[in-house]
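One file, my_file_8.pdb, carrying PDB, C-alpha atoms:
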ATOM      1  CA  MET A   1       8.138   5.239   0.600
ATOM      2  CA  ARG A   2      11.938   5.514   0.417
ATOM      3  CA  TYR A   3      12.391   8.675   2.521
ATOM      4  CA  LYS A   4       9.862   9.334   5.282
ATOM      5  CA  GLU A   5      11.261  11.885   7.697
ATOM      6  CA  GLU A   6       9.663  12.615  11.041
ATOM      7  CA  GLY A   7      10.225  15.032  13.920
ATOM      8  CA  GLU A   8      10.605  18.792  13.758
ATOM      9  CA  ILE A   9      10.829  20.806  10.519
ATOM     10  CA  HIS A  10      13.310  23.550   9.633
ATOM     11  CA  LYS A  11      11.279  25.557   7.148
ATOM     12  CA  ASP A  12      14.086  28.042   6.514
ATOM     13  CA  PHE A  13      15.482  25.431   4.125
ATOM     14  CA  HIS A  14      12.939  26.884   1.681
ATOM     15  CA  LEU A  15      14.840  30.193   1.900
ATOM     16  CA  ALA A  16      17.985  28.285   0.954
ATOM     17  CA  VAL A  17      16.171  26.716  -2.017
ATOM     18  CA  ASN A  18      15.143  30.211  -3.118
ATOM     19  CA  THR A  19      18.712  31.523  -2.796
ATOM     20  CA  THR A  20      20.019  28.463  -4.633
ATOM     21  CA  ILE A  21      17.622  28.827  -7.568
ATOM     22  CA  ASN A  22      18.443  32.515  -7.994
ATOM     23  CA  TRP A  23      22.191  31.930  -7.695
ATOM     24  CA  VAL A  24      22.268  28.983 -10.102
ATOM     25  CA  LEU A  25      20.162  30.869 -12.655
ATOM     26  CA  SER A  26      22.388  33.946 -12.563
ATOM     27  CA  SER A  27      25.683  32.015 -12.428
ATOM     28  CA  TYR A  28      25.057  29.027 -14.699
ATOM     29  CA  GLY A  29      21.641  29.411 -16.361
ATOM     30  CA  ILE A  30      18.457  27.417 -16.742
ATOM     31  CA  ASP A  31      19.982  24.236 -18.220
ATOM     32  CA  PHE A  32      22.244  23.803 -15.185
ATOM     33  CA  LEU A  33      19.264  24.325 -12.889
ATOM     34  CA  ALA A  34      17.235  21.790 -14.888
ATOM     35  CA  GLU A  35      20.089  19.288 -14.534
ATOM     36  CA  LEU A  36      20.141  19.853 -10.753
ATOM     37  CA  PHE A  37      16.446  19.032 -10.498
ATOM     38  CA  ARG A  38      16.784  16.133 -12.952
ATOM     39  CA  ARG A  39      19.412  14.565 -10.685
ATOM     40  CA  THR A  40      17.220  15.225  -7.665
ATOM     41  CA  ALA A  41      14.109  13.723  -9.293
ATOM     42  CA  GLN A  42      15.779  10.747 -10.941
ATOM     43  CA  ASP A  43      18.832   9.925  -8.775
ATOM     44  CA  VAL A  44      17.875  11.052  -5.263
ATOM     45  CA  TYR A  45      14.238  10.032  -5.703
ATOM     46  CA  ALA A  46      15.248   6.923  -7.649
ATOM     47  CA  ALA A  47      12.443   4.848  -6.092
ATOM     48  CA  ILE A  48       9.752   7.298  -7.228
ATOM     49  CA  TYR A  49      11.284   7.552 -10.697
ATOM     50  CA  GLN A  50      11.699   3.808 -11.141
ATOM     51  CA  LYS A  51       8.052   3.238 -10.262
ATOM     52  CA  LEU A  52       6.963   5.966 -12.668
ATOM     53  CA  LYS A  53       9.008   4.288 -15.390
ATOM     54  CA  ASN A  54       7.193   1.064 -14.572
ATOM     55  CA  GLY A  55       3.828   2.811 -14.970
ATOM     56  CA  ASP A  56       3.133   3.241 -11.259
ATOM     57  CA  ALA A  57       2.566   6.784  -9.924
ATOM     58  CA  SER A  58       1.621   5.648  -6.405
ATOM     59  CA  GLU A  59       4.918   6.546  -4.685
ATOM     60  CA  PHE A  60       4.971   9.961  -6.382
ATOM     61  CA  ILE A  61       1.451  10.678  -5.071
ATOM     62  CA  GLU A  62       2.273   9.291  -1.607
ATOM     63  CA  HIS A  63       5.433  11.439  -1.463
ATOM     64  CA  MET A  64       3.537  14.601  -2.409
ATOM     65  CA  GLU A  65       0.717  13.942   0.067
ATOM     66  CA  TYR A  66       3.075  13.037   2.900
ATOM     67  CA  PHE A  67       5.354  16.066   2.651
ATOM     68  CA  LEU A  68       2.604  18.579   1.855
ATOM     69  CA  SER A  69       0.726  17.335   4.953
ATOM     70  CA  ARG A  70       3.867  17.257   7.094
ATOM     71  CA  GLU A  71       4.603  20.914   6.285
ATOM     72  CA  GLY A  72       0.992  22.038   6.841
ATOM     73  CA  GLY A  73       0.040  22.588   3.195
ATOM     74  CA  GLU A  74      -3.542  22.735   1.956
ATOM     75  CA  PHE A  75      -4.350  20.526  -1.002
ATOM     76  CA  TYR A  76      -6.781  18.011  -2.438
ATOM     77  CA  LEU A  77      -6.592  15.167  -4.909
ATOM     78  CA  ASP A  78      -8.960  14.510  -7.773
ATOM     79  CA  GLU A  79      -8.904  11.300  -9.732
ATOM     80  CA  ASN A  80     -10.699  10.817 -12.997
ATOM     81  CA  ASP A  81     -10.343   8.897 -16.261
ATOM     82  CA  SER A  82      -7.582  11.204 -17.485
ATOM     83  CA  GLY A  83      -5.428  10.764 -14.364
ATOM     84  CA  VAL A  84      -4.777  12.447 -11.047
ATOM     85  CA  ILE A  85      -4.923  16.148 -10.321
ATOM     86  CA  LEU A  86      -3.195  17.434  -7.212
ATOM     87  CA  HIS A  87      -4.531  20.873  -6.453
ATOM     88  CA  ILE A  88      -2.237  22.652  -4.016
ATOM     89  CA  ILE A  89      -4.120  25.583  -2.560
ATOM     90  CA  LYS A  90      -1.426  26.605  -0.084
ATOM     91  CA  CYS A  91       2.051  25.370  -0.918
ATOM     92  CA  PRO A  92       3.986  25.403   2.376
ATOM     93  CA  ALA A  93       7.268  26.248   0.647
ATOM     94  CA  ALA A  94       5.843  29.237  -1.236
ATOM     95  CA  CYS A  95       3.867  30.380   1.849
ATOM     96  CA  HIS A  96       7.084  30.383   3.907
ATOM     97  CA  ILE A  97       8.810  32.547   1.292
ATOM     98  CA  LYS A  98       5.815  34.909   1.228
ATOM     99  CA  ASP A  99       5.831  35.136   5.031
ATOM    100  CA  LYS A 100       9.531  35.999   5.099
ATOM    101  CA  TYR A 101       9.919  38.187   1.995
ATOM    102  CA  GLY A 102       6.394  39.473   1.309
ATOM    103  CA  LYS A 103       6.267  37.953  -2.172
ATOM    104  CA  VAL A 104       7.224  34.788  -3.991
ATOM    105  CA  PRO A 105       9.687  35.193  -6.877
ATOM    106  CA  GLU A 106       8.446  33.539 -10.068
ATOM    107  CA  ALA A 107      11.647  31.533 -10.317
ATOM    108  CA  PHE A 108      10.877  29.849  -6.977
ATOM    109  CA  HIS A 109       8.229  27.744  -8.747
ATOM    110  CA  LEU A 110      10.889  26.307 -11.080
ATOM    111  CA  GLN A 111      11.704  23.673  -8.442
ATOM    112  CA  THR A 112       8.242  22.130  -8.889
ATOM    113  CA  VAL A 113       8.129  22.588 -12.658
ATOM    114  CA  LEU A 114      11.599  21.125 -13.236
ATOM    115  CA  LEU A 115      11.163  18.223 -10.787
ATOM    116  CA  ASN A 116       7.878  17.288 -12.483
ATOM    117  CA  ASN A 117       9.433  17.586 -15.954
ATOM    118  CA  ALA A 118      12.264  15.291 -14.879
ATOM    119  CA  TRP A 119       9.844  12.762 -13.357
ATOM    120  CA  SER A 120       8.007  12.695 -16.699
ATOM    121  CA  GLN A 121      11.111  11.917 -18.772
ATOM    122  CA  ASN A 122      11.051   8.428 -20.306
ATOM    123  CA  THR A 123       8.028   7.384 -18.256
ATOM    124  CA  PRO A 124       4.461   6.604 -19.408
ATOM    125  CA  PHE A 125       3.302   9.758 -17.583
ATOM    126  CA  ILE A 126       3.153  13.448 -18.312
ATOM    127  CA  ILE A 127       3.385  15.335 -15.031
ATOM    128  CA  SER A 128       2.528  18.941 -15.764
ATOM    129  CA  THR A 129       2.523  21.965 -13.478
ATOM    130  CA  ASP A 130       0.218  24.965 -13.725
ATOM    131  CA  ILE A 131       1.138  27.842 -11.449
ATOM    132  CA  LEU A 132      -2.164  29.449 -10.433
ATOM    133  CA  GLY A 133      -0.939  31.990  -7.898
ATOM    134  CA  GLU A 134       1.951  32.825  -5.577
ATOM    135  CA  CYS A 135       1.222  29.838  -3.329
ATOM    136  CA  GLU A 136      -1.147  27.841  -5.500
ATOM    137  CA  CYS A 137      -0.569  25.339  -8.260
ATOM    138  CA  GLN A 138      -2.061  22.326  -9.935
ATOM    139  CA  ILE A 139      -0.111  19.190 -10.783
ATOM    140  CA  ARG A 140      -1.631  16.828 -13.344
ATOM    141  CA  VAL A 141      -0.439  13.268 -13.655
ATOM    142  CA  ALA A 142      -1.748  11.837 -16.914
ATOM    143  CA  ARG A 143      -0.804   8.798 -18.944
ATOM    144  CA  ARG A 144       0.742   9.564 -22.304
ATOM    145  CA  LYS A 145      -1.473   8.761 -25.229
ATOM    146  CA  GLU A 146      -0.237   5.904 -27.389
ATOM    147  CA  ASN A 147       0.823   6.862 -30.910
ATOM    148  CA  GLY A 148      -2.288   7.345 -32.986
ATOM    149  CA  ALA A 149      -4.617   7.491 -29.992
ATOM    150  CA  LYS A 150      -7.020  10.385 -29.782
TER
ATOM    151  CA  MET H   1       8.299  21.509  -3.926
ATOM    152  CA  VAL H   2      11.518  20.294  -2.442
ATOM    153  CA  PRO H   3      10.453  19.337   1.108
ATOM    154  CA  SER H   4      12.435  21.041   3.888
ATOM    155  CA  ASP H   5      13.490  17.556   4.960
ATOM    156  CA  HIS H   6      15.097  16.900   1.576
ATOM    157  CA  PHE H   7      16.907  20.161   0.892
ATOM    158  CA  VAL H   8      20.205  18.626   1.974
ATOM    159  CA  ARG H   9      19.943  15.827  -0.597
ATOM    160  CA  MET H  10      19.367  18.389  -3.355
ATOM    161  CA  TYR H  11      22.178  20.527  -1.903
ATOM    162  CA  ASN H  12      24.484  17.501  -2.152
ATOM    163  CA  GLU H  13      23.642  17.093  -5.853
ATOM    164  CA  LEU H  14      24.550  20.724  -6.477
ATOM    165  CA  PHE H  15      27.843  20.285  -4.586
ATOM    166  CA  LYS H  16      28.790  17.406  -6.891
ATOM    167  CA  MET H  17      27.879  19.396 -10.018
ATOM    168  CA  LEU H  18      29.895  22.421  -8.868
ATOM    169  CA  LEU H  19      32.846  20.296  -7.812
ATOM    170  CA  GLN H  20      32.984  18.949 -11.381
ATOM    171  CA  ILE H  21      33.611  22.566 -12.444
ATOM    172  CA  SER H  22      36.074  23.437  -9.649
ATOM    173  CA  GLU H  23      36.435  23.745  -5.873
ATOM    174  CA  ASP H  24      36.243  27.524  -6.310
ATOM    175  CA  ALA H  25      32.777  27.154  -7.864
ATOM    176  CA  LEU H  26      31.683  25.193  -4.796
ATOM    177  CA  HIS H  27      33.152  27.818  -2.449
ATOM    178  CA  ASP H  28      31.356  30.592  -4.393
ATOM    179  CA  TYR H  29      28.064  28.831  -3.716
ATOM    180  CA  TRP H  30      28.805  28.396  -0.008
ATOM    181  CA  LEU H  31      29.580  32.113   0.111
ATOM    182  CA  GLN H  32      26.154  32.826  -1.365
ATOM    183  CA  ILE H  33      24.517  30.624   1.290
ATOM    184  CA  SER H  34      26.637  32.454   3.879
ATOM    185  CA  ARG H  35      25.128  35.783   2.747
ATOM    186  CA  LEU H  36      21.627  34.372   3.237
ATOM    187  CA  GLN H  37      22.537  32.881   6.615
ATOM    188  CA  GLU H  38      24.035  36.181   7.765
ATOM    189  CA  THR H  39      20.597  37.775   7.420
ATOM    190  CA  ILE H  40      19.256  35.111   9.800
ATOM    191  CA  ILE H  41      22.037  34.549  12.359
ATOM    192  CA  GLY H  42      23.555  38.062  12.127
ATOM    193  CA  PRO H  43      21.018  39.771  14.419
ATOM    194  CA  TYR H  44      21.557  37.086  17.111
ATOM    195  CA  ILE H  45      25.324  37.739  17.066
ATOM    196  CA  ASP H  46      24.989  41.514  16.899
ATOM    197  CA  LYS H  47      22.689  41.580  19.926
ATOM    198  CA  LYS H  48      24.194  38.921  22.168
ATOM    199  CA  GLY H  49      27.540  37.701  20.781
ATOM    200  CA  LEU H  50      28.409  34.149  21.836
ATOM    201  CA  SER H  51      25.180  33.902  23.795
ATOM    202  CA  GLY H  52      23.246  34.829  20.630
ATOM    203  CA  MET H  53      25.025  31.993  18.800
ATOM    204  CA  TYR H  54      23.921  29.613  21.551
ATOM    205  CA  GLU H  55      20.344  30.825  21.089
ATOM    206  CA  TYR H  56      20.440  30.443  17.293
ATOM    207  CA  TRP H  57      22.008  26.973  17.281
ATOM    208  CA  ASN H  58      19.713  25.791  20.058
ATOM    209  CA  ARG H  59      16.795  26.531  17.712
ATOM    210  CA  ILE H  60      18.605  24.711  14.899
ATOM    211  CA  LYS H  61      19.225  21.709  17.176
ATOM    212  CA  ILE H  62      15.456  21.403  17.678
ATOM    213  CA  GLU H  63      14.264  22.237  14.153
ATOM    214  CA  GLU H  64      16.820  20.016  12.401
ATOM    215  CA  ASN H  65      16.433  17.133  14.883
ATOM    216  CA  CYS H  66      20.125  17.178  15.829
ATOM    217  CA  ASP H  67      21.555  14.927  18.500
ATOM    218  CA  ALA H  68      23.939  17.579  19.811
ATOM    219  CA  ASP H  69      25.290  19.174  22.975
ATOM    220  CA  LEU H  70      25.697  22.924  23.217
ATOM    221  CA  LYS H  71      28.054  24.694  25.590
ATOM    222  CA  LEU H  72      28.634  28.343  26.330
ATOM    223  CA  THR H  73      31.687  29.607  28.204
ATOM    224  CA  GLU H  74      33.248  33.008  28.657
ATOM    225  CA  ASN H  75      35.600  32.333  25.736
ATOM    226  CA  TYR H  76      33.711  30.163  23.287
ATOM    227  CA  PHE H  77      30.448  28.662  22.100
ATOM    228  CA  GLU H  78      30.572  24.942  21.302
ATOM    229  CA  PHE H  79      28.224  22.846  19.185
ATOM    230  CA  ARG H  80      29.151  19.189  19.581
ATOM    231  CA  MET H  81      27.253  17.106  17.050
ATOM    232  CA  ASN H  82      26.786  13.531  18.224
ATOM    233  CA  HIS H  83      24.688  12.516  15.229
ATOM    234  CA  CYS H  84      24.389  14.906  12.298
ATOM    235  CA  PRO H  85      20.990  14.633  10.546
ATOM    236  CA  SER H  86      22.331  16.381   7.456
ATOM    237  CA  LEU H  87      25.224  13.998   6.682
ATOM    238  CA  SER H  88      23.059  11.059   7.784
ATOM    239  CA  LYS H  89      20.491  11.912   5.101
ATOM    240  CA  VAL H  90      23.164  12.403   2.464
ATOM    241  CA  LEU H  91      24.607   8.985   3.306
ATOM    242  CA  ASP H  92      21.125   7.403   3.399
ATOM    243  CA  ASN H  93      20.540   8.362  -0.195
ATOM    244  CA  ASP H  94      20.057   6.632  -3.537
ATOM    245  CA  ALA H  95      22.496   9.167  -5.018
ATOM    246  CA  SER H  96      26.144   9.319  -3.913
ATOM    247  CA  ALA H  97      27.544  11.746  -1.340
ATOM    248  CA  CYS H  98      29.761  14.648  -2.371
ATOM    249  CA  PRO H  99      33.275  13.969  -0.999
ATOM    250  CA  LEU H 100      33.390  17.510   0.451
ATOM    251  CA  TYR H 101      29.859  17.478   1.854
ATOM    252  CA  CYS H 102      30.883  18.141   5.476
ATOM    253  CA  ASP H 103      32.943  21.173   4.497
ATOM    254  CA  HIS H 104      29.839  23.199   3.640
ATOM    255  CA  CYS H 105      29.160  24.071   7.303
ATOM    256  CA  ALA H 106      32.500  25.783   7.798
ATOM    257  CA  GLY H 107      32.113  27.118   4.244
ATOM    258  CA  TRP H 108      29.142  29.269   5.209
ATOM    259  CA  ILE H 109      29.882  29.872   8.899
ATOM    260  CA  ALA H 110      33.525  31.038   8.600
ATOM    261  CA  PRO H 111      32.838  34.147   6.446
ATOM    262  CA  ILE H 112      30.168  35.330   8.907
ATOM    263  CA  MET H 113      32.418  34.844  11.935
ATOM    264  CA  GLU H 114      35.270  36.619  10.205
ATOM    265  CA  LYS H 115      33.009  39.618   9.541
ATOM    266  CA  LYS H 116      31.698  39.630  13.097
ATOM    267  CA  GLY H 117      35.180  39.382  14.659
ATOM    268  CA  TYR H 118      35.014  35.782  15.908
ATOM    269  CA  PHE H 119      37.232  32.757  15.185
ATOM    270  CA  LEU H 120      35.775  29.495  13.949
ATOM    271  CA  VAL H 121      37.348  26.122  14.692
ATOM    272  CA  TYR H 122      35.525  23.336  12.883
ATOM    273  CA  ASP H 123      36.694  19.784  13.468
ATOM    274  CA  ILE H 124      34.962  17.588  10.880
ATOM    275  CA  ILE H 125      36.532  14.515  12.589
ATOM    276  CA  SER H 126      35.686  12.313   9.575
ATOM    277  CA  ARG H 127      33.814  12.968   6.326
ATOM    278  CA  SER H 128      31.944   9.686   6.595
ATOM    279  CA  ILE H 129      30.904   9.734  10.255
ATOM    280  CA  PRO H 130      28.038  12.070  11.203
ATOM    281  CA  LYS H 131      29.855  13.667  14.148
ATOM    282  CA  CYS H 132      31.714  16.952  14.401
ATOM    283  CA  ILE H 133      32.748  19.658  16.845
ATOM    284  CA  MET H 134      32.403  23.360  16.190
ATOM    285  CA  ARG H 135      33.793  26.003  18.509
ATOM    286  CA  ILE H 136      33.571  29.735  17.975
ATOM    287  CA  TYR H 137      36.009  31.817  19.987
ATOM    288  CA  SER H 138      36.218  35.497  20.723
ATOM    289  CA  ASN H 139      40.019  35.163  21.054
ATOM    290  CA  ARG H 140      42.229  34.149  18.130
ATOM    291  CA  GLU H 141      45.022  32.568  20.208
ATOM    292  CA  LEU H 142      42.591  30.362  22.141
ATOM    293  CA  ALA H 143      41.032  29.312  18.819
ATOM    294  CA  LYS H 144      44.468  28.427  17.421
ATOM    295  CA  GLU H 145      45.227  26.314  20.480
ATOM    296  CA  PHE H 146      41.990  24.346  20.116
ATOM    297  CA  ALA H 147      42.499  23.970  16.366
ATOM    298  CA  LYS H 148      45.737  22.059  17.057
ATOM    299  CA  GLU H 149      43.634  19.312  18.708
ATOM    300  CA  ALA H 150      41.384  18.844  15.654
ATOM    301  CA  LYS H 151      41.375  15.477  13.892
ATOM    302  CA  LEU H 152      40.247  16.961  10.554
ATOM    303  CA  LEU H 153      40.195  20.741  10.554
ATOM    304  CA  ALA H 154      37.836  22.265   7.965
ATOM    305  CA  GLU H 155      39.682  24.183   5.235
ATOM    306  CA  PRO H 156      38.342  27.728   6.007
ATOM    307  CA  CYS H 157      39.602  27.432   9.616
ATOM    308  CA  LYS H 158      43.181  27.085   8.419
ATOM    309  CA  GLN H 159      43.181  30.862   7.918
ATOM    310  CA  LEU H 160      43.649  31.000  11.691
ATOM    311  CA  PHE H 161      47.231  29.973  11.156
ATOM    312  CA  ASP H 162      48.027  32.579   8.465
ATOM    313  CA  ASN H 163      50.798  35.026   9.460
TER
END

Starting from the file, give its structure as structure tokens.
Amino acid sequence: MRYKEEGEIHKDFHLAVNTTINWVLSSYGIDFLAELFRRTAQDVYAAIYQKLKNGDASEFIEHMEYFLSREGGEFYLDENDSGVILHIIKCPAACHIKDKYGKVPEAFHLQTVLLNNAWSQNTPFIISTDILGECECQIRVARRKENGAK
Amino acid sequence: MVPSDHFVRMYNELFKMLLQISEDALHDYWLQISRLQETIIGPYIDKKGLSGMYEYWNRIKIEENCDADLKLTENYFEFRMNHCPSLSKVLDNDASACPLYCDHCAGWIAPIMEKKGYFLVYDIISRSIPKCIMRIYSNRELAKEFAKEAKLLAEPCKQLFDN
């Protein structure tokens, strides 16, 4: 895995992500925010994206598992014929926001939605995000169906 | 989720996007981060002044895995960064670093210190070496004296020399 940080964690960075999302949305709009997360997904996480383009989702899954575990998240993985489902029961980022502010703004989830959209672009995978609650979501990693396939 | 560990790499991408618009756009964003940070560090300063700053940045030193030395004197608080984890991550990155990356610290800290009646001196030293020295003074003249020794004084600190 390209980036594998260790040591202590400064969870207040999630507050800065929240502030950033709100500020970018109100100052520059959703397309600018989407471009920020596209750059993050495809340029910063170039190793994950390159592997996805090559049909390999292993580094994406490893990244998610590593950082969710590192930040004390609760989640489980399901694998079946249609792909991988990552069920995040307690997202550590959203839980930190809830602890600090009492609720999680809907826009906070855009980081996950837009990162996953960007990781799907021009790859054989569709990585979709279903927000199930303030701190809960499901990420599905499925191979695109070939043209004409049912 | 953007992991806490990786916020700074995302932050760096936003800096580059804003810098393409203008330096003012970048400064507007740092001001927004400053408002958030004021809600966190403000109570430390209000209660204990320079000693509160020491307390806040001592927590940051631990949580952000900084190799840094902190010093508290009657006149100033000093945070001497020997190895900055933030710039180190931005340099160890498959995307390029924003040329003004280091300036973001002074960009958010200076407005808070100005409001609270303190004087920030931020010596970036070099934008490509993860070392810097920050001193916050309670006396403007002492701050100005120290600022003269800086190798690369952060832009917001130059206000010290206005008038």

Kindly assemble as a tab-separated table a list of the chain H residues that lie within 6 Å of chain A, each paired with its nearest atom pair and their distance in Å to one decimal, using all atoms listed in the file, sorted first by chain and then by ascending residue number.
residue	atom	partner	partner_atom	distance
H:Met1	CA	A:Thr112	CA	5.0
H:Ser4	CA	A:Phe13	CA	5.3
H:Met10	CA	A:Thr40	CA	5.8
H:Glu63	CA	A:His10	CA	4.8
H:Glu64	CA	A:His10	CA	5.7
H:Asp94	CA	A:Val44	CA	5.2
H:Ala95	CA	A:Val44	CA	5.0

Counting all atoms listed in the file, closest pick from A:Tyr28, A:Gly72, A:Cys95, A:Met1 relative to A:Ser58 is A:Met1

Hits of the PyMOL selection byres ((chain H and resi 59) around 12) in this structure, as a list in words | Glu8, Ile9, His10, Lys11 and Asp12 of chain A; Ile40, Ile41, Tyr44, Gly52, Met53, Tyr54, Glu55, Tyr56, Trp57, Asn58, Ile60, Lys61, Ile62, Glu63, Glu64, Asn65, Cys66, Ala68 and Leu70 of chain H

Closest to A:Thr123 among A:Leu52, A:Ala57, A:Ile88, A:Ala142, using all atoms listed in the file?
-> A:Leu52

Straight-line distance linking atom CA of H:Ser138 with atom CA of H:Leu120, stated in Å to one decimal |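 Atom-to-atom, atom CA of H:Ser138 and atom CA of H:Leu120 are spaced 9.1 Å apart.
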
For the PyMOL selection byres ((chain H and resi 28) around 12), applied here, can you spell out every residue it catches as a PDB file with C-alpha atoms, in the frame of the given file?
ATOM      1  CA  THR A  20      20.019  28.463  -4.633  1.00  0.00           C
ATOM      2  CA  TRP A  23      22.191  31.930  -7.695  1.00  0.00           C
ATOM      3  CA  VAL A  24      22.268  28.983 -10.102  1.00  0.00           C
ATOM      4  CA  SER A  27      25.683  32.015 -12.428  1.00  0.00           C
TER       5      SER A  27
ATOM      6  CA  PHE H  15      27.843  20.285  -4.586  1.00  0.00           C
ATOM      7  CA  LEU H  18      29.895  22.421  -8.868  1.00  0.00           C
ATOM      8  CA  LEU H  19      32.846  20.296  -7.812  1.00  0.00           C
ATOM      9  CA  ILE H  21      33.611  22.566 -12.444  1.00  0.00           C
ATOM     10  CA  SER H  22      36.074  23.437  -9.649  1.00  0.00           C
ATOM     11  CA  GLU H  23      36.435  23.745  -5.873  1.00  0.00           C
ATOM     12  CA  ASP H  24      36.243  27.524  -6.310  1.00  0.00           C
ATOM     13  CA  ALA H  25      32.777  27.154  -7.864  1.00  0.00           C
ATOM     14  CA  LEU H  26      31.683  25.193  -4.796  1.00  0.00           C
ATOM     15  CA  HIS H  27      33.152  27.818  -2.449  1.00  0.00           C
ATOM     16  CA  TYR H  29      28.064  28.831  -3.716  1.00  0.00           C
ATOM     17  CA  TRP H  30      28.805  28.396  -0.008  1.00  0.00           C
ATOM     18  CA  LEU H  31      29.580  32.113   0.111  1.00  0.00           C
ATOM     19  CA  GLN H  32      26.154  32.826  -1.365  1.00  0.00           C
ATOM     20  CA  ILE H  33      24.517  30.624   1.290  1.00  0.00           C
ATOM     21  CA  SER H  34      26.637  32.454   3.879  1.00  0.00           C
ATOM     22  CA  ARG H  35      25.128  35.783   2.747  1.00  0.00           C
ATOM     23  CA  HIS H 104      29.839  23.199   3.640  1.00  0.00           C
ATOM     24  CA  GLY H 107      32.113  27.118   4.244  1.00  0.00           C
ATOM     25  CA  TRP H 108      29.142  29.269   5.209  1.00  0.00           C
ATOM     26  CA  PRO H 111      32.838  34.147   6.446  1.00  0.00           C
TER      27      PRO H 111
END

Residues near A:Phe125, cut-off 9 Å, only C-alpha atoms, skip fewer than 2 positions along chain, as a short mmCIF file (atom, residue, chain, number, x, y, z; two decimals) with C-alpha atoms, in the coordinates of the input:
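Output contents, as saved in part16.cif:
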data_model
loop_
_atom_site.label_atom_id
_atom_site.label_comp_id
_atom_site.auth_asym_id
_atom_site.auth_seq_id
_atom_site.Cartn_x
_atom_site.Cartn_y
_atom_site.Cartn_z
CA LEU A 52 6.96 5.97 -12.67
CA LYS A 53 9.01 4.29 -15.39
CA GLY A 55 3.83 2.81 -14.97
CA ALA A 57 2.57 6.78 -9.92
CA TRP A 119 9.84 12.76 -13.36
CA SER A 120 8.01 12.70 -16.70
CA GLN A 121 11.11 11.92 -18.77
CA ASN A 122 11.05 8.43 -20.31
CA THR A 123 8.03 7.38 -18.26
CA ILE A 127 3.38 15.34 -15.03
CA VAL A 141 -0.44 13.27 -13.66
CA ALA A 142 -1.75 11.84 -16.91
CA ARG A 143 -0.80 8.80 -18.94
CA ARG A 144 0.74 9.56 -22.30
#

Rounded to one decimal place, report the atom CA of A:Ser128-atom CA of A:Gly102 distance in Å.
->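 So the answer is 27.0 Å.
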
Mind checking which residues fall within 9 Å of stretch 71-86 of chain H, counting all atoms listed in the file, ignoring those fewer than 3 positions away in the same chain, and posting them as an NGL selection string?
-> :H and (8-9 or 50-51 or 53-54 or 57 or 64-68 or 89-91 or 102 or 129-139 or 142-143)

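For the atom pair formed by atom CA of A:Gly73 and atom CA of A:Asp99, the distance is 13.9 Å, given to one decimal.
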
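Remark: for A:Ser82, the closest of the candidate residues A:Ile126, A:Gln50, A:Asn117, A:Glu136 is A:Ile126 (distances computed over all atoms listed in the file).
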
Evaluated on this file, the PyMOL selection byres ((chain A and resi 86) around 8) picks out some residues - which ones are they, written as an mmCIF file with C-alpha atoms, keeping the file's coordinate frame?
data_model
loop_
_atom_site.group_PDB
_atom_site.id
_atom_site.type_symbol
_atom_site.label_atom_id
_atom_site.label_comp_id
_atom_site.auth_asym_id
_atom_site.auth_seq_id
_atom_site.Cartn_x
_atom_site.Cartn_y
_atom_site.Cartn_z
ATOM 1 C CA PHE A 75 -4.350 20.526 -1.002
ATOM 2 C CA TYR A 76 -6.781 18.011 -2.438
ATOM 3 C CA LEU A 77 -6.592 15.167 -4.909
ATOM 4 C CA ASP A 78 -8.960 14.510 -7.773
ATOM 5 C CA VAL A 84 -4.777 12.447 -11.047
ATOM 6 C CA ILE A 85 -4.923 16.148 -10.321
ATOM 7 C CA HIS A 87 -4.531 20.873 -6.453
ATOM 8 C CA ILE A 88 -2.237 22.652 -4.016
ATOM 9 C CA GLN A 138 -2.061 22.326 -9.935
ATOM 10 C CA ILE A 139 -0.111 19.190 -10.783
ATOM 11 C CA ARG A 140 -1.631 16.828 -13.344
#

Given the choices H:Leu152, H:Leu87, H:Cys157, H:Ile125, which gets closest to H:Met113 if the distance is worked out from all atoms listed in the file?
->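 Smallest separation from H:Met113 among the options: H:Cys157.
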
Counting all atoms listed in the file, write as a list of chain:residue names all protein and nucleic acid residues lying at most 8 Å from (47.4, 35.0, 17.8) in the file's frame.
-> H:Arg140, H:Glu141, H:Leu142, H:Lys144

For a cut-off of 8 Å around (37.3, 17.0, 7.6), file coordinates, pick out all residues using only C-alpha atoms and list them as an MDAnalysis selection string.
-> chainID H and resid 102:103 123:127 151:155

What box, with edges along x, y and z, holds each listed atom of stretch 52-58 of chain A when 5 Å is added on every side, and can you state its centre and edge lengths in Å to one decimal, as JSON?
{"center_x": 5.3, "center_y": 3.9, "center_z": -10.9, "size_x": 17.4, "size_y": 15.7, "size_z": 19.0}
